[in-house]
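Q: Once you've had a glance at the structure underneath, I'll fire off some questions.
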Amino acid sequence: MAAEPGAPRVLNVNVGVLGHIDSGKTALARALSTTGSTAAFDRAPQSRARGITLDLGFSCLRTALPPQLGPGPGELQFTLVDCPGHASLIRTIIGGAQIIDLMMLVIDVTKGMQTQSAECLVIGQIACQKMVVVLNKIDLLPEGKRQSAIEKMTKKMQKTLENTKFCGCPIVAVAAKPGGPEAPESENPLGVSELIEVTKKVKSMQMFHTPVTYAMQGDRVGICVTQFDPKLLERGLICTPESLHTIHAAIISLKKIQYFRGALQTKAKFHITVGHETVMGRVMFFSPAPADFNEEIKENAFDFEKDYLYQEEYLSKDSNPSEENKENDQAEVQLPRHQWALLEFEKPVTCPKLCLVIGSKLDTDIHANTCRLAFHGVLLQGMEDKNYTETFLPKLKVYKLKHKEGQVERVMDDYSVIGRSLFKKETNIQIFVGLKVKLSTGEDGIIEGGFGQSGKFKIRIPDGLKPDTKMLLTVASKKKSKAGKGDTTKEDESSKNDSAQPVTISLLFKRYVFDTQKKMIQS
């Protein structure tokens with residue numbers, strides 16, 4: 001990465017400061033920083049009026065570049081991204097998390113994990129690879145019991161993190177603002193010097209009041225634009241041409257967030273966060289065809305040549321067994337290795353390819369002790385055409401399995417039977433002509449057409465009826481005939497058993513969800 005001639009070498013790491021409201025995040029960012037931007041430390045009038053962080057704050061800490069990060073003089077710069085903690089500002093928190101390399105989870109040592117602490121932890125697991133836990137406000141602990149209380153909370157946090165990707169991460173105890181917000185600035189923070197000793201491989205560059213030749217994703221930069229009224233500018237995106245696309249729908253790969261309670265239902269609406277935008281969107285879940293459930297699939301790619309199975313809900317260990325599983329006496333749900341979703345946005349969003357996507361239920365009561373983040377994934381394919389339902393979706397080969405059952409009413413001859421109860425009286429049976437069916441006695445058949453006006457139909461049996469089947473159907477037919485003539489003669493038990501189970505007809509086919517012709521397909 002090039003810099004202005006003569007400028008010191010600077011390597012940048014973006015550090016997200018996340019946690020529950022009033023855990024002391026902004027005070028920690030202030031204590032760590034050597035330079036603050038115009039958006040740092042709640043300088044906005046609205047933040048000062050309400051006494052809370054309302055938007056992302058940016059500041060930086062500069063230290064000497066460690067030798068292991070490269071030869072020659074230079075600086076290691078930590079850009080601190082101070083995120084709001086209030087539950088209602090979760091969109092801003094998610095947006096901030098997407099530009100960070102390292103996360104600091106700030107915990108009020110007197111309270112431990114709280115609702116938004118847990119949500120921030122979930123966001124961290126999705127958005128970054130490294131984390132430091134900061135136990136803040138240790139000055140509020142009685143001095144004689146301070147160390148034991150810190151050790152107790154440290155063990156609690158280690159237990160909380162043991163089943164996450166952050167198991168074994170550093171846990172540091174500090175008092176970013178001893179004495180609280182009203183304490184004089186002369187009060188020195190406790191433990192901050194220990195926190196500063198965080199090293200990590202860096203991947204981006206950002207300067208505060210230092211000239212740079214270019215900026216990249218995640219940088220905090222000031223831009224001077226001549227002859228432009230800044231009041232006309234809202235939060236937006238700046239990018240190289242063609243790197244962002246405005247889309248109306250998308251296909252994503254996804255995983256359910258384990259802390260979210262309840263099922264993820266197809267056709268449900270979620271708050272969808274894509275890049276820095278959060279909009280309402282409707283979902284449709286689908287998976288590989290059952291035969292491909294265990295197939296390895298290329299990461300961050302989607303194959304439009306394959307067939308996919310429509311799912312009423314995202315399949316997880318808590319899902320109810322499908323009808324197919326019940327018929328095969330499979331009590332446990334068979335889970336595919338990969339699942340996808342079609343997202344249809346209520347309004348278009350602008351985002352890069354392969355960006356992070358998070359689905360949430362942000363209308364959940366913020367005081368409820370529950371995780372509002374439902375799923376996360378990667379955007380694989382965006383649909384830019386607003387008429388995507390006509391121009392794009394027919395290419396998506398998602399199908400539903402259809403299973404209809406009827407009964408054989410009577411035998412016509414050795415190679416044909418009459419069926420009933422498979423179709424309604426008003427059904428156009430002609431569209432089913434040529435489809436294969438199977439009798440419960442094992443014979444394969446083909447629907448030849450309707451029979452009469454009551455929904456009955458004729459089935460041809462190419463290989464002929466088995467003698468046992470013909471006998472069973474003939475006995476049943478004679479009994480119906482006798483019953484129709486008012487014969488009340490008692491039947492012996494063996495005759496009853498012969499006709500107790502009717503011969504059923506099964507019709508199986510699949511239909512593609514986005515096929516405008518609604519064709520029925522059989523393998």
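By convention here, the chains of the structure tokens are called A, B, ... in the order presented, each chain's residues are numbered starting at 1, and ligands are numbered starting at 1 in the order presented.
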Residues within 7 Å of segment 72-83 of chain A, please, as a list in words. Count only C-alpha atoms; anything in the same chain fewer than 2 positions from it doesn't count.

A: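 So, after excluding close chain neighbours, the residues are Pro8, Arg9, Val10, Leu11, Asn12, Val13, Asn14, Val15, Gly16, Val17, Leu18, Lys25, Thr26, Ala29, Asp55, Leu56, Gly57, Phe58, Ser59, Cys60, Leu61, Arg62, Thr63, Ala64, Leu65, Gly70, Gly85, Ile93 and Gly96 of chain A.
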
Q: Based on DSSP run over this structure's backbone, return all residues of segment 309-392 of chain A in strand (DSSP E or B), as number ranges by chain.

A: A: 309-311, 313, 340-351, 356-360, 373-383

Q: Within 6 Å of segment 101-117 of chain A, counting only C-alpha atoms, which residues qualify if same-chain residues fewer than 2 places away don't, as a PyMOL selection string?

A: chain A and resi 14-20+23+119-120+130-136

Q: List as a ChimeraX atom specification the protein and nucleic acid residues near Ser523 of chain A, meaning an atom at most 10 Å away when only C-alpha atoms are counted, but skip any in the same chain fewer than 3 places from it.

A: /A:436,508-510

Q: Taking 6 positions as the minimum chain separation for residues in the same chain, which residues sit within 8 Å of Lys267 of chain A when counting only C-alpha atoms? Answer as an NGL selection string.

A: :A and (282-284)

Q: Give me a file of those residues, with all heavy atoms, as a CSV table (one decimal), in the first residue's frame.

A:
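Contents of part01.csv, as written:
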```csv
chain,number,residue,atom,x,y,z
A,282,ARG,N,-39.0,-10.8,2.8
A,282,ARG,CA,-39.7,-12.1,2.9
A,282,ARG,C,-38.7,-13.2,2.5
A,282,ARG,O,-37.9,-13.0,1.5
A,282,ARG,CB,-40.9,-12.1,2.1
A,282,ARG,CG,-41.9,-13.3,2.4
A,282,ARG,CD,-43.1,-13.3,1.4
A,282,ARG,NE,-43.8,-12.1,1.5
A,282,ARG,CZ,-44.8,-11.9,2.4
A,282,ARG,NH1,-45.1,-12.8,3.3
A,282,ARG,NH2,-45.5,-10.8,2.4
A,283,VAL,N,-38.8,-14.4,3.1
A,283,VAL,CA,-37.8,-15.4,2.9
A,283,VAL,C,-38.5,-16.7,2.3
A,283,VAL,O,-39.7,-17.0,2.6
A,283,VAL,CB,-37.0,-15.8,4.1
A,283,VAL,CG1,-36.2,-14.7,4.6
A,283,VAL,CG2,-37.9,-16.4,5.2
A,284,MET,N,-37.8,-17.4,1.5
A,284,MET,CA,-38.2,-18.8,1.1
A,284,MET,C,-36.9,-19.7,1.2
A,284,MET,O,-35.9,-19.4,0.6
A,284,MET,CB,-38.7,-18.8,-0.4
A,284,MET,CG,-39.2,-20.2,-0.8
A,284,MET,SD,-39.4,-20.3,-2.6
A,284,MET,CE,-37.7,-20.6,-3.1
```

Q: Set the distance at 9 Å and use only C-alpha atoms: which residues neighbour Val349 of chain A once local chain neighbours fewer than 6 positions away are removed? I'd like the list as an MDAnalysis selection string.

A: chainID A and resid 245:249 274:275 277:279

Q: For Arg337 of chain A, work out the shell of residues within 10 Å, counting only C-alpha atoms and skipping chain neighbours fewer than 3 positions away, then give it as an MDAnalysis selection string.

A: chainID A and resid 287:288 292:297 334

Q: Selected residues, C-alpha atoms, written as a PDB file, in the first residue's frame, please.

A:
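Heads up, here's the output in part-v3.pdb:
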```pdb
ATOM      1  CA  SER A 287     -32.048 -27.175   0.225  1.00  0.00           C
ATOM      2  CA  PRO A 288     -30.320 -29.657  -2.091  1.00  0.00           C
ATOM      3  CA  ASP A 292     -27.476 -34.565  -2.417  1.00  0.00           C
ATOM      4  CA  PHE A 293     -27.904 -33.647   1.278  1.00  0.00           C
ATOM      5  CA  ASN A 294     -24.313 -34.673   2.095  1.00  0.00           C
ATOM      6  CA  GLU A 295     -22.691 -33.379  -1.074  1.00  0.00           C
ATOM      7  CA  GLU A 296     -19.810 -30.908  -0.722  1.00  0.00           C
ATOM      8  CA  ILE A 297     -20.630 -27.640  -2.465  1.00  0.00           C
ATOM      9  CA  GLN A 334     -32.468 -35.484   7.924  1.00  0.00           C
TER      10      GLN A 334
END
```

Q: Just to confirm, what's the straight-line distance from atom CA of Lys306 of chain A to atom CA of Lys400 of chain A in Å (one decimal)?

A: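 Here the two named atoms are 14.3 Å from each other.
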